[in-house]
$ cat model_14.cif   # mmCIF, N, CA and C atoms and all ligand atoms
data_input
#
loop_
_atom_site.label_atom_id
_atom_site.label_comp_id
_atom_site.auth_asym_id
_atom_site.auth_seq_id
_atom_site.Cartn_x
_atom_site.Cartn_y
_atom_site.Cartn_z
N MET A 28 40.14 -28.26 19.58
CA MET A 28 40.86 -27.02 19.29
C MET A 28 42.34 -27.24 19.58
N SER A 29 43.18 -26.75 18.72
CA SER A 29 44.59 -26.88 18.96
C SER A 29 45.01 -25.90 20.05
N GLU A 30 46.19 -26.13 20.59
CA GLU A 30 46.69 -25.26 21.64
C GLU A 30 46.83 -23.83 21.12
N GLN A 31 46.45 -22.86 21.95
CA GLN A 31 46.50 -21.48 21.51
C GLN A 31 47.91 -20.93 21.61
N ASN A 32 48.29 -20.15 20.61
CA ASN A 32 49.61 -19.55 20.57
C ASN A 32 49.54 -18.13 21.07
N SER A 33 50.69 -17.55 21.39
CA SER A 33 50.70 -16.16 21.79
C SER A 33 50.62 -15.25 20.58
N GLN A 34 50.93 -15.76 19.40
CA GLN A 34 50.85 -14.97 18.17
C GLN A 34 49.70 -15.51 17.31
N PRO A 35 48.57 -14.82 17.34
CA PRO A 35 47.46 -15.32 16.51
C PRO A 35 47.76 -15.17 15.03
N VAL A 36 47.28 -16.12 14.25
CA VAL A 36 47.42 -16.07 12.81
C VAL A 36 46.22 -15.31 12.28
N VAL A 37 46.45 -14.06 11.86
CA VAL A 37 45.36 -13.17 11.48
C VAL A 37 45.51 -12.74 10.03
N ASN A 38 44.39 -12.77 9.31
CA ASN A 38 44.35 -12.21 7.97
C ASN A 38 43.75 -10.81 8.10
N THR A 39 44.58 -9.80 7.98
CA THR A 39 44.13 -8.43 8.23
C THR A 39 43.29 -7.86 7.10
N GLU A 40 43.40 -8.44 5.91
CA GLU A 40 42.62 -7.95 4.77
C GLU A 40 41.97 -9.12 4.05
N PRO A 41 40.96 -9.73 4.69
CA PRO A 41 40.34 -10.89 4.04
C PRO A 41 39.65 -10.50 2.74
N ASP A 42 39.78 -11.37 1.74
CA ASP A 42 39.08 -11.18 0.46
C ASP A 42 37.67 -11.71 0.62
N LEU A 43 36.71 -10.81 0.79
CA LEU A 43 35.34 -11.20 1.10
C LEU A 43 34.61 -11.81 -0.10
N SER A 44 35.25 -11.75 -1.27
CA SER A 44 34.62 -12.37 -2.44
C SER A 44 34.88 -13.88 -2.47
N LYS A 45 35.75 -14.34 -1.57
CA LYS A 45 36.08 -15.77 -1.50
C LYS A 45 35.80 -16.28 -0.10
N PRO A 46 35.54 -17.58 0.04
CA PRO A 46 35.35 -18.13 1.39
C PRO A 46 36.67 -18.07 2.16
N PRO A 47 36.58 -18.13 3.48
CA PRO A 47 37.83 -18.13 4.26
C PRO A 47 38.67 -19.36 3.93
N GLY A 48 39.97 -19.23 4.11
CA GLY A 48 40.88 -20.33 3.82
C GLY A 48 40.71 -21.48 4.80
N PRO A 49 41.45 -22.59 4.54
CA PRO A 49 41.35 -23.76 5.42
C PRO A 49 41.70 -23.39 6.86
N ASN A 50 40.92 -23.88 7.78
CA ASN A 50 41.11 -23.67 9.22
C ASN A 50 41.00 -22.20 9.65
N MET A 51 40.41 -21.37 8.79
CA MET A 51 40.25 -19.96 9.16
C MET A 51 38.81 -19.69 9.62
N VAL A 52 38.70 -18.75 10.54
CA VAL A 52 37.41 -18.29 11.05
C VAL A 52 37.22 -16.85 10.56
N ARG A 53 36.08 -16.58 9.95
CA ARG A 53 35.77 -15.22 9.50
C ARG A 53 34.50 -14.76 10.24
N VAL A 54 34.62 -13.65 10.92
CA VAL A 54 33.47 -13.13 11.67
C VAL A 54 33.19 -11.70 11.22
N THR A 55 31.94 -11.43 10.85
CA THR A 55 31.51 -10.08 10.52
C THR A 55 30.58 -9.58 11.61
N PHE A 56 30.89 -8.40 12.11
CA PHE A 56 30.06 -7.77 13.13
C PHE A 56 29.26 -6.66 12.47
N LEU A 57 27.93 -6.82 12.49
CA LEU A 57 27.02 -5.81 11.96
C LEU A 57 26.52 -4.95 13.12
N PRO A 58 26.09 -3.73 12.89
CA PRO A 58 25.93 -3.07 11.59
C PRO A 58 27.19 -2.40 11.07
N GLU A 59 28.28 -2.43 11.86
CA GLU A 59 29.50 -1.79 11.40
C GLU A 59 30.02 -2.42 10.13
N GLY A 60 29.75 -3.73 9.97
CA GLY A 60 30.26 -4.43 8.81
C GLY A 60 31.75 -4.70 8.91
N ARG A 61 32.23 -4.76 10.12
CA ARG A 61 33.66 -5.03 10.29
C ARG A 61 33.90 -6.54 10.31
N THR A 62 34.80 -6.98 9.46
CA THR A 62 35.10 -8.41 9.34
C THR A 62 36.51 -8.70 9.82
N VAL A 63 36.64 -9.74 10.62
CA VAL A 63 37.95 -10.18 11.08
C VAL A 63 38.14 -11.64 10.67
N GLU A 64 39.36 -12.02 10.48
CA GLU A 64 39.64 -13.40 10.07
C GLU A 64 40.90 -13.87 10.77
N PHE A 65 40.86 -15.08 11.29
CA PHE A 65 42.01 -15.61 12.02
C PHE A 65 41.97 -17.14 11.96
N GLU A 66 43.12 -17.73 12.22
CA GLU A 66 43.19 -19.19 12.21
C GLU A 66 42.51 -19.74 13.45
N TYR A 67 41.66 -20.74 13.25
CA TYR A 67 40.96 -21.35 14.38
C TYR A 67 41.98 -21.90 15.38
N GLY A 68 41.80 -21.51 16.64
CA GLY A 68 42.67 -22.02 17.69
C GLY A 68 43.91 -21.18 17.93
N SER A 69 44.12 -20.13 17.15
CA SER A 69 45.35 -19.35 17.29
C SER A 69 45.17 -18.11 18.15
N MET A 70 43.94 -17.80 18.50
CA MET A 70 43.68 -16.54 19.16
C MET A 70 43.86 -16.67 20.68
N PRO A 71 44.56 -15.75 21.30
CA PRO A 71 44.71 -15.83 22.76
C PRO A 71 43.40 -15.52 23.46
N TYR A 72 43.21 -16.11 24.62
CA TYR A 72 41.98 -15.89 25.38
C TYR A 72 42.15 -14.65 26.23
N GLU A 73 41.21 -13.71 26.07
CA GLU A 73 41.30 -12.43 26.77
C GLU A 73 40.47 -12.38 28.04
N HIS A 74 39.93 -13.53 28.45
CA HIS A 74 39.19 -13.61 29.72
C HIS A 74 37.93 -12.77 29.74
N HIS A 75 37.27 -12.65 28.61
CA HIS A 75 35.96 -12.02 28.57
C HIS A 75 35.01 -13.01 27.92
N GLY A 76 34.14 -13.62 28.73
CA GLY A 76 33.25 -14.64 28.22
C GLY A 76 33.99 -15.95 28.02
N LYS A 77 33.32 -16.89 27.39
CA LYS A 77 33.94 -18.19 27.14
C LYS A 77 35.00 -18.05 26.05
N PRO A 78 36.06 -18.86 26.12
CA PRO A 78 37.05 -18.84 25.05
C PRO A 78 36.41 -19.11 23.70
N MET A 79 36.76 -18.32 22.72
CA MET A 79 36.23 -18.39 21.35
C MET A 79 34.76 -17.98 21.26
N SER A 80 34.26 -17.32 22.29
CA SER A 80 32.93 -16.72 22.18
C SER A 80 33.04 -15.48 21.29
N PHE A 81 31.90 -14.97 20.86
CA PHE A 81 31.93 -13.76 20.04
C PHE A 81 32.47 -12.57 20.83
N LEU A 82 32.22 -12.58 22.13
CA LEU A 82 32.81 -11.51 22.94
C LEU A 82 34.33 -11.65 22.98
N ASP A 83 34.82 -12.86 23.11
CA ASP A 83 36.26 -13.10 23.11
C ASP A 83 36.87 -12.61 21.79
N VAL A 84 36.23 -12.94 20.69
CA VAL A 84 36.73 -12.50 19.38
C VAL A 84 36.72 -10.96 19.30
N ALA A 85 35.61 -10.36 19.71
CA ALA A 85 35.50 -8.91 19.64
C ALA A 85 36.58 -8.23 20.47
N GLU A 86 36.82 -8.76 21.66
CA GLU A 86 37.83 -8.17 22.52
C GLU A 86 39.23 -8.29 21.91
N ASN A 87 39.49 -9.40 21.26
CA ASN A 87 40.80 -9.59 20.64
C ASN A 87 41.05 -8.63 19.49
N PHE A 88 39.98 -8.17 18.85
CA PHE A 88 40.13 -7.30 17.70
C PHE A 88 39.67 -5.87 17.97
N ASN A 89 39.52 -5.52 19.23
CA ASN A 89 39.13 -4.16 19.62
C ASN A 89 37.82 -3.72 18.97
N ILE A 90 36.89 -4.65 18.90
CA ILE A 90 35.54 -4.34 18.42
C ILE A 90 34.64 -4.25 19.63
N PHE A 91 33.89 -3.17 19.73
CA PHE A 91 33.10 -3.00 20.93
C PHE A 91 31.86 -3.89 20.94
N LEU A 92 31.77 -4.72 21.97
CA LEU A 92 30.55 -5.47 22.27
C LEU A 92 30.39 -5.35 23.78
N ASP A 93 29.35 -4.65 24.20
CA ASP A 93 29.18 -4.38 25.62
C ASP A 93 29.15 -5.68 26.41
N HIS A 94 29.65 -5.64 27.63
CA HIS A 94 29.67 -6.84 28.47
C HIS A 94 29.76 -6.42 29.93
N ALA A 95 28.64 -5.89 30.40
CA ALA A 95 28.60 -5.26 31.72
C ALA A 95 29.01 -6.21 32.85
N CYS A 96 28.71 -7.48 32.71
CA CYS A 96 29.04 -8.41 33.80
C CYS A 96 30.39 -9.07 33.59
N GLY A 97 31.09 -8.68 32.55
CA GLY A 97 32.42 -9.25 32.31
C GLY A 97 32.38 -10.60 31.62
N GLY A 98 31.24 -10.94 31.08
CA GLY A 98 31.15 -12.19 30.33
C GLY A 98 30.81 -13.39 31.18
N SER A 99 30.12 -13.18 32.29
CA SER A 99 29.80 -14.28 33.20
C SER A 99 28.33 -14.70 33.16
N CYS A 100 27.63 -14.33 32.09
CA CYS A 100 26.24 -14.74 31.90
C CYS A 100 25.33 -14.16 32.99
N ALA A 101 25.62 -12.93 33.42
CA ALA A 101 24.84 -12.32 34.49
C ALA A 101 24.15 -11.03 34.05
N CYS A 102 24.18 -10.74 32.74
CA CYS A 102 23.47 -9.56 32.22
C CYS A 102 23.01 -9.93 30.80
N THR A 103 22.56 -8.96 30.05
CA THR A 103 22.22 -9.25 28.65
C THR A 103 22.83 -8.20 27.71
N THR A 104 23.81 -7.48 28.19
CA THR A 104 24.37 -6.40 27.37
C THR A 104 25.17 -6.90 26.18
N CYS A 105 25.51 -8.17 26.17
CA CYS A 105 26.27 -8.73 25.05
C CYS A 105 25.35 -9.41 24.03
N HIS A 106 24.06 -9.11 24.13
CA HIS A 106 23.05 -9.72 23.24
C HIS A 106 23.42 -9.50 21.77
N ILE A 107 23.42 -10.58 21.02
CA ILE A 107 23.66 -10.50 19.57
C ILE A 107 22.61 -11.34 18.85
N TRP A 108 22.45 -11.04 17.57
CA TRP A 108 21.64 -11.88 16.70
C TRP A 108 22.59 -12.58 15.74
N VAL A 109 22.48 -13.88 15.65
CA VAL A 109 23.32 -14.64 14.72
C VAL A 109 22.67 -14.62 13.34
N LYS A 110 23.36 -14.09 12.38
CA LYS A 110 22.83 -13.97 11.02
C LYS A 110 23.33 -15.07 10.10
N ASN A 111 24.48 -15.63 10.43
CA ASN A 111 25.06 -16.70 9.60
C ASN A 111 26.05 -17.50 10.44
N GLY A 112 26.07 -18.81 10.20
CA GLY A 112 27.05 -19.66 10.85
C GLY A 112 26.53 -20.39 12.08
N GLU A 113 25.21 -20.38 12.30
CA GLU A 113 24.66 -20.96 13.53
C GLU A 113 25.07 -22.42 13.75
N LYS A 114 25.27 -23.17 12.66
CA LYS A 114 25.64 -24.59 12.83
C LYS A 114 27.01 -24.77 13.46
N GLY A 115 27.84 -23.76 13.35
CA GLY A 115 29.19 -23.85 13.92
C GLY A 115 29.31 -23.24 15.30
N ILE A 116 28.16 -22.90 15.91
CA ILE A 116 28.16 -22.24 17.21
C ILE A 116 27.60 -23.19 18.27
N SER A 117 28.18 -23.15 19.44
CA SER A 117 27.74 -24.03 20.53
C SER A 117 26.26 -23.83 20.84
N GLU A 118 25.64 -24.88 21.33
CA GLU A 118 24.25 -24.79 21.79
C GLU A 118 24.19 -23.95 23.06
N ALA A 119 23.10 -23.20 23.21
CA ALA A 119 22.92 -22.44 24.45
C ALA A 119 22.69 -23.38 25.62
N GLU A 120 23.36 -23.12 26.73
CA GLU A 120 23.15 -23.91 27.94
C GLU A 120 22.04 -23.28 28.77
N ASP A 121 21.61 -23.99 29.80
CA ASP A 121 20.46 -23.54 30.58
C ASP A 121 20.64 -22.15 31.17
N ASP A 122 21.83 -21.84 31.65
CA ASP A 122 22.01 -20.52 32.28
C ASP A 122 21.89 -19.40 31.24
N GLU A 123 22.34 -19.65 30.02
CA GLU A 123 22.17 -18.64 28.96
C GLU A 123 20.70 -18.50 28.59
N LEU A 124 20.01 -19.62 28.46
CA LEU A 124 18.58 -19.57 28.12
C LEU A 124 17.79 -18.84 29.20
N ASP A 125 18.13 -19.11 30.45
CA ASP A 125 17.46 -18.41 31.55
C ASP A 125 17.73 -16.91 31.48
N ARG A 126 18.95 -16.55 31.21
CA ARG A 126 19.32 -15.13 31.15
C ARG A 126 18.63 -14.44 29.98
N MET A 127 18.53 -15.14 28.86
CA MET A 127 17.91 -14.53 27.68
C MET A 127 16.45 -14.18 27.90
N GLU A 128 15.83 -14.83 28.86
CA GLU A 128 14.43 -14.51 29.16
C GLU A 128 14.29 -13.08 29.68
N THR A 129 15.37 -12.48 30.12
CA THR A 129 15.32 -11.10 30.63
C THR A 129 15.79 -10.09 29.59
N ALA A 130 16.17 -10.55 28.42
CA ALA A 130 16.73 -9.65 27.39
C ALA A 130 15.63 -8.94 26.61
N ALA A 131 15.96 -7.79 26.07
CA ALA A 131 15.04 -7.05 25.21
C ALA A 131 15.15 -7.57 23.78
N ASP A 132 14.03 -7.51 23.07
CA ASP A 132 14.02 -7.77 21.63
C ASP A 132 14.62 -9.13 21.26
N VAL A 133 14.18 -10.15 21.97
CA VAL A 133 14.72 -11.49 21.73
C VAL A 133 14.14 -12.05 20.43
N GLN A 134 15.01 -12.64 19.62
CA GLN A 134 14.60 -13.30 18.38
C GLN A 134 15.09 -14.75 18.41
N LEU A 135 14.65 -15.53 17.44
CA LEU A 135 15.10 -16.92 17.39
C LEU A 135 16.62 -17.02 17.29
N SER A 136 17.22 -16.02 16.69
CA SER A 136 18.67 -16.03 16.49
C SER A 136 19.43 -15.38 17.63
N SER A 137 18.75 -14.99 18.68
CA SER A 137 19.41 -14.30 19.79
C SER A 137 20.35 -15.22 20.55
N ARG A 138 21.49 -14.69 20.91
CA ARG A 138 22.44 -15.37 21.78
C ARG A 138 23.13 -14.33 22.65
N LEU A 139 23.76 -14.80 23.70
CA LEU A 139 24.64 -13.93 24.47
C LEU A 139 26.04 -14.05 23.87
N GLY A 140 26.60 -12.92 23.52
CA GLY A 140 27.90 -12.93 22.86
C GLY A 140 29.00 -13.55 23.69
N CYS A 141 28.84 -13.54 25.00
CA CYS A 141 29.88 -14.11 25.86
C CYS A 141 29.74 -15.61 26.04
N GLN A 142 28.59 -16.17 25.62
CA GLN A 142 28.33 -17.59 25.83
C GLN A 142 28.32 -18.39 24.53
N ALA A 143 28.04 -17.73 23.41
CA ALA A 143 27.98 -18.40 22.12
C ALA A 143 29.40 -18.60 21.59
N VAL A 144 29.81 -19.85 21.51
CA VAL A 144 31.20 -20.19 21.19
C VAL A 144 31.33 -20.70 19.77
N ILE A 145 32.28 -20.17 19.05
CA ILE A 145 32.60 -20.65 17.70
C ILE A 145 33.33 -21.98 17.83
N THR A 146 32.77 -23.02 17.23
CA THR A 146 33.32 -24.37 17.45
C THR A 146 34.17 -24.88 16.31
N GLY A 147 34.32 -24.06 15.25
CA GLY A 147 35.15 -24.53 14.15
C GLY A 147 35.36 -23.46 13.11
N PRO A 148 36.23 -23.74 12.14
CA PRO A 148 36.47 -22.78 11.06
C PRO A 148 35.18 -22.52 10.28
N GLY A 149 35.11 -21.36 9.65
CA GLY A 149 33.93 -21.05 8.83
C GLY A 149 33.62 -19.58 8.85
N THR A 150 32.44 -19.26 8.33
CA THR A 150 32.00 -17.87 8.21
C THR A 150 30.85 -17.61 9.18
N TYR A 151 30.97 -16.54 9.92
CA TYR A 151 29.97 -16.19 10.92
C TYR A 151 29.62 -14.71 10.78
N VAL A 152 28.33 -14.40 10.89
CA VAL A 152 27.88 -13.02 10.86
C VAL A 152 26.95 -12.81 12.05
N VAL A 153 27.24 -11.79 12.83
CA VAL A 153 26.38 -11.46 13.97
C VAL A 153 26.07 -9.98 13.94
N GLU A 154 24.91 -9.63 14.50
CA GLU A 154 24.50 -8.23 14.56
C GLU A 154 24.27 -7.82 16.00
N ILE A 155 24.72 -6.63 16.33
CA ILE A 155 24.43 -6.06 17.65
C ILE A 155 23.10 -5.33 17.53
N PRO A 156 22.09 -5.70 18.34
CA PRO A 156 20.76 -5.10 18.20
C PRO A 156 20.76 -3.59 18.36
N SER A 157 19.76 -2.96 17.76
CA SER A 157 19.72 -1.49 17.74
C SER A 157 19.63 -0.89 19.13
N TRP A 158 18.93 -1.56 20.06
CA TRP A 158 18.83 -0.96 21.40
C TRP A 158 20.20 -0.88 22.05
N ASN A 159 21.07 -1.82 21.73
CA ASN A 159 22.41 -1.77 22.27
C ASN A 159 23.21 -0.66 21.59
N ARG A 160 22.99 -0.50 20.28
CA ARG A 160 23.69 0.56 19.56
C ARG A 160 23.19 1.92 20.04
N ASN A 161 21.87 2.02 20.31
CA ASN A 161 21.34 3.28 20.80
C ASN A 161 21.97 3.64 22.14
N TYR A 162 22.13 2.62 22.95
CA TYR A 162 22.77 2.82 24.25
C TYR A 162 24.15 3.45 24.04
N VAL A 163 24.85 2.93 23.05
CA VAL A 163 26.19 3.45 22.77
C VAL A 163 26.10 4.87 22.24
N SER A 164 25.14 5.12 21.33
CA SER A 164 25.08 6.44 20.71
C SER A 164 24.69 7.52 21.71
N GLU A 165 24.11 7.10 22.84
CA GLU A 165 23.75 8.08 23.86
C GLU A 165 24.94 8.47 24.72
N GLY A 166 26.09 8.01 24.38
CA GLY A 166 27.28 8.53 25.03
C GLY A 166 28.07 7.53 25.82
N LYS A 167 27.59 6.32 25.95
CA LYS A 167 28.39 5.36 26.65
C LYS A 167 28.16 3.98 26.07
N PRO A 168 29.19 3.24 26.08
CA PRO A 168 30.54 3.60 26.48
C PRO A 168 31.25 4.34 25.37
N LEU A 169 32.30 4.98 25.72
CA LEU A 169 33.03 5.82 24.78
C LEU A 169 33.84 4.99 23.79
N ALA A 170 34.13 3.77 24.16
CA ALA A 170 35.03 2.95 23.35
C ALA A 170 34.58 2.84 21.90
N LEU A 171 33.26 2.70 21.66
CA LEU A 171 32.80 2.53 20.30
C LEU A 171 32.98 3.83 19.52
N ALA A 172 32.64 4.95 20.16
CA ALA A 172 32.79 6.23 19.49
C ALA A 172 34.23 6.43 19.06
N GLU A 173 35.14 6.03 19.93
CA GLU A 173 36.56 6.19 19.60
C GLU A 173 36.96 5.26 18.48
N SER A 174 36.43 4.03 18.49
CA SER A 174 36.84 3.08 17.47
C SER A 174 36.26 3.43 16.11
N LYS A 175 35.18 4.23 16.09
CA LYS A 175 34.56 4.59 14.83
C LYS A 175 35.20 5.79 14.18
N SER A 176 36.00 6.52 14.95
CA SER A 176 36.59 7.74 14.40
C SER A 176 37.79 7.43 13.55
S1 LIG A 201 28.48 -9.96 29.22
FE1 LIG A 201 26.93 -10.23 30.72
S2 LIG A 201 25.88 -11.94 29.94
FE2 LIG A 201 27.40 -11.64 28.45
#

$ encode --input "model_14.cif" --output "structure tokens"
Amino acid sequence: MSEQNSQPVVNTEPDLSKPPGPNMVRVTFLPEGRTVEFEYGSMPYEHHGKPMSFLDVAENFNIFLDHACGGSCACTTCHIWVKNGEKGISEAEDDELDRMETAADVQLSSRLGCQAVITGPGTYVVEIPSWNRNYVSEGKPLALAESKS
């Protein structure tokens, strides 16, 4: 990864009918269907989860992905399902695999958003499971409700 700059190179209106440009990372967060695109290595680290994790990306773009433990692999609130791009994502380490054993609704594509790291340019699609969305719809945290308005 190249050195990170203070000014990320972001494509605010990606053309979804075309693949991302050279050295660009495109991430879609379902079910909102919100897509962000940025140059690989240009995004500042916001200290939530591992650098270039899906939680890190979400935090940089003000997309709500719960992270009760602050991204330290000590909860499962950042549980995501990887729908596309798995080959470009880091392998789960033992502590993540151990933690996932306590998660609800685990699937083969399950990862912890704070631990799954994007390792290169490309297209990635992840979904926040319904139980996590239900948690949000029951009134907390407020951040998602505000971002949806
Ligand atoms: S935020 Fe707690 S494990 Fe990811």

$ residues_around --input "model_14.cif" --residues "region 73-83 of chain A" --least-positions-apart "6" --cutoff "7 Å" --atoms "only N, CA and C atoms" --output "list in words"
Leu92, Gly97, Gly98, Ser99, Cys100, Leu139, Gly140, Cys141, Gln142, Ala143, Val144, Ile145 and Thr146 of chain A

$ select_by_dssp --input "model_14.cif" --residues "chain A" --states "strand (DSSP E or B)" --output "PyMOL selection string"
chain A and resi 37-38+51-57+61-66+80+106-111+116+137-139+144-145+149-154

$ closest_residue --input "model_14.cif" --among "A:Val109, A:Leu135, A:Val37, A:Met127" --to "ligand LIG 201 (chain A)" --atoms "only C-alpha atoms and all ligand atoms"
A:Met127

$ residues_around --input "model_14.cif" --residues "Asn111 (chain A)" --least-positions-apart "3" --cutoff "7 Å" --atoms "all atoms listed in the file" --output "PDB file with N, CA and C atoms, in the frame of the given file"
ATOM      1  N   TRP A 108      22.450 -11.040  17.570  1.00  0.00           N
ATOM      2  CA  TRP A 108      21.640 -11.880  16.700  1.00  0.00           C
ATOM      3  C   TRP A 108      22.590 -12.580  15.740  1.00  0.00           C
ATOM      4  N   LYS A 114      25.270 -23.170  12.660  1.00  0.00           N
ATOM      5  CA  LYS A 114      25.640 -24.590  12.830  1.00  0.00           C
ATOM      6  C   LYS A 114      27.010 -24.770  13.460  1.00  0.00           C
ATOM      7  N   THR A 150      32.440 -19.260   8.330  1.00  0.00           N
ATOM      8  CA  THR A 150      32.000 -17.870   8.210  1.00  0.00           C
ATOM      9  C   THR A 150      30.850 -17.610   9.180  1.00  0.00           C
ATOM     10  N   TYR A 151      30.970 -16.540   9.920  1.00  0.00           N
ATOM     11  CA  TYR A 151      29.970 -16.190  10.920  1.00  0.00           C
ATOM     12  C   TYR A 151      29.620 -14.710  10.780  1.00  0.00           C
ATOM     13  N   VAL A 152      28.330 -14.400  10.890  1.00  0.00           N
ATOM     14  CA  VAL A 152      27.880 -13.020  10.860  1.00  0.00           C
ATOM     15  C   VAL A 152      26.950 -12.810  12.050  1.00  0.00           C
ATOM     16  N   VAL A 153      27.240 -11.790  12.830  1.00  0.00           N
ATOM     17  CA  VAL A 153      26.380 -11.460  13.970  1.00  0.00           C
ATOM     18  C   VAL A 153      26.070  -9.980  13.940  1.00  0.00           C
TER      19      VAL A 153
END

$ atom_distance --input "model_14.cif" --atom1 "atom C of Arg53 (chain A)" --atom2 "atom C of Asp132 (chain A)"
23.4 Å

$ select_by_dssp --input "model_14.cif" --residues "chain A" --states "helix (DSSP H, G or I)" --output "PyMOL selection string"
chain A and resi 81-87+113-115+121-127+157-164+169-175

$ write_last_selection --input "model_14.cif" --atoms "N, CA and C atoms" --output "CSV table (one decimal), in the coordinates of the input"
chain,number,residue,atom,x,y,z
A,81,PHE,N,31.9,-15.0,20.9
A,81,PHE,CA,31.9,-13.8,20.0
A,81,PHE,C,32.5,-12.6,20.8
A,82,LEU,N,32.2,-12.6,22.1
A,82,LEU,CA,32.8,-11.5,22.9
A,82,LEU,C,34.3,-11.6,23.0
A,83,ASP,N,34.8,-12.9,23.1
A,83,ASP,CA,36.3,-13.1,23.1
A,83,ASP,C,36.9,-12.6,21.8
A,84,VAL,N,36.2,-12.9,20.7
A,84,VAL,CA,36.7,-12.5,19.4
A,84,VAL,C,36.7,-11.0,19.3
A,85,ALA,N,35.6,-10.4,19.7
A,85,ALA,CA,35.5,-8.9,19.6
A,85,ALA,C,36.6,-8.2,20.5
A,86,GLU,N,36.8,-8.8,21.7
A,86,GLU,CA,37.8,-8.2,22.5
A,86,GLU,C,39.2,-8.3,21.9
A,87,ASN,N,39.5,-9.4,21.3
A,87,ASN,CA,40.8,-9.6,20.6
A,87,ASN,C,41.0,-8.6,19.5
A,113,GLU,N,25.2,-20.4,12.3
A,113,GLU,CA,24.7,-21.0,13.5
A,113,GLU,C,25.1,-22.4,13.8
A,114,LYS,N,25.3,-23.2,12.7
A,114,LYS,CA,25.6,-24.6,12.8
A,114,LYS,C,27.0,-24.8,13.5
A,115,GLY,N,27.8,-23.8,13.4
A,115,GLY,CA,29.2,-23.8,13.9
A,115,GLY,C,29.3,-23.2,15.3
A,121,ASP,N,21.6,-24.0,29.8
A,121,ASP,CA,20.5,-23.5,30.6
A,121,ASP,C,20.6,-22.2,31.2
A,122,ASP,N,21.8,-21.8,31.6
A,122,ASP,CA,22.0,-20.5,32.3
A,122,ASP,C,21.9,-19.4,31.2
A,123,GLU,N,22.3,-19.6,30.0
A,123,GLU,CA,22.2,-18.6,29.0
A,123,GLU,C,20.7,-18.5,28.6
A,124,LEU,N,20.0,-19.6,28.5
A,124,LEU,CA,18.6,-19.6,28.1
A,124,LEU,C,17.8,-18.8,29.2
A,125,ASP,N,18.1,-19.1,30.4
A,125,ASP,CA,17.5,-18.4,31.6
A,125,ASP,C,17.7,-16.9,31.5
A,126,ARG,N,19.0,-16.6,31.2
A,126,ARG,CA,19.3,-15.1,31.2
A,126,ARG,C,18.6,-14.4,30.0
A,127,MET,N,18.5,-15.1,28.9
A,127,MET,CA,17.9,-14.5,27.7
A,127,MET,C,16.4,-14.2,27.9
A,157,SER,N,19.8,-3.0,17.8
A,157,SER,CA,19.7,-1.5,17.7
A,157,SER,C,19.6,-0.9,19.1
A,158,TRP,N,18.9,-1.6,20.1
A,158,TRP,CA,18.8,-1.0,21.4
A,158,TRP,C,20.2,-0.9,22.0
A,159,ASN,N,21.1,-1.8,21.7
A,159,ASN,CA,22.4,-1.8,22.3
A,159,ASN,C,23.2,-0.7,21.6
A,160,ARG,N,23.0,-0.5,20.3
A,160,ARG,CA,23.7,0.6,19.6
A,160,ARG,C,23.2,1.9,20.0
A,161,ASN,N,21.9,2.0,20.3
A,161,ASN,CA,21.3,3.3,20.8
A,161,ASN,C,22.0,3.6,22.1
A,162,TYR,N,22.1,2.6,23.0
A,162,TYR,CA,22.8,2.8,24.2
A,162,TYR,C,24.2,3.4,24.0
A,163,VAL,N,24.8,2.9,23.0
A,163,VAL,CA,26.2,3.4,22.8
A,163,VAL,C,26.1,4.9,22.2
A,164,SER,N,25.1,5.1,21.3
A,164,SER,CA,25.1,6.4,20.7
A,164,SER,C,24.7,7.5,21.7
A,169,LEU,N,32.3,5.0,25.7
A,169,LEU,CA,33.0,5.8,24.8
A,169,LEU,C,33.8,5.0,23.8
A,170,ALA,N,34.1,3.8,24.2
A,170,ALA,CA,35.0,3.0,23.4
A,170,ALA,C,34.6,2.8,21.9
A,171,LEU,N,33.3,2.7,21.7
A,171,LEU,CA,32.8,2.5,20.3
A,171,LEU,C,33.0,3.8,19.5
A,172,ALA,N,32.6,5.0,20.2
A,172,ALA,CA,32.8,6.2,19.5
A,172,ALA,C,34.2,6.4,19.1
A,173,GLU,N,35.1,6.0,19.9
A,173,GLU,CA,36.6,6.2,19.6
A,173,GLU,C,37.0,5.3,18.5
A,174,SER,N,36.4,4.0,18.5
A,174,SER,CA,36.8,3.1,17.5
A,174,SER,C,36.3,3.4,16.1
A,175,LYS,N,35.2,4.2,16.1
A,175,LYS,CA,34.6,4.6,14.8
A,175,LYS,C,35.2,5.8,14.2

$ atom_distance --input "model_14.cif" --atom1 "atom C of Gly115 (chain A)" --atom2 "atom C of Ala95 (chain A)"
24.5 Å

$ closest_residue --input "model_14.cif" --among "A:Asn50, A:Thr103, A:Thr129, A:Ser157" --to "ligand LIG 201 (chain A)" --atoms "all atoms listed in the file"
A:Thr103

$ closest_residue --input "model_14.cif" --among "A:Glu64, A:Arg126, A:Tyr72, A:Phe91" --to "Pro47 (chain A)" --atoms "only N, CA and C atoms"
A:Glu64

$ closest_residue --input "model_14.cif" --among "A:Glu66, A:Glu120, A:Glu40, A:Asp93" --to "ligand LIG 201 (chain A)" --atoms "only N, CA and C atoms and all ligand atoms"
A:Asp93

$ residues_near_point --input "model_14.cif" --point "(42.6, -20.1, 15.3)" --cutoff "8 Å" --atoms "all atoms listed in the file" --output "MDAnalysis selection string"
chainID A and resid 29 31:32 35:37 50:52 64:71 148

$ closest_residue --input "model_14.cif" --among "A:Glu118, A:Glu123, A:Asp42, A:Glu154" --to "ligand LIG 201 (chain A)" --atoms "only C-alpha atoms and all ligand atoms"
A:Glu123

$ closest_residue --input "model_14.cif" --among "A:Ala101, A:Ala119, A:Ala130, A:Ile107" --to "ligand LIG 201 (chain A)" --atoms "only C-alpha atoms and all ligand atoms"
A:Ala101

$ atom_distance --input "model_14.cif" --atom1 "CA of Ile155 (chain A)" --atom2 "atom N of Glu113 (chain A)"
15.3 Å
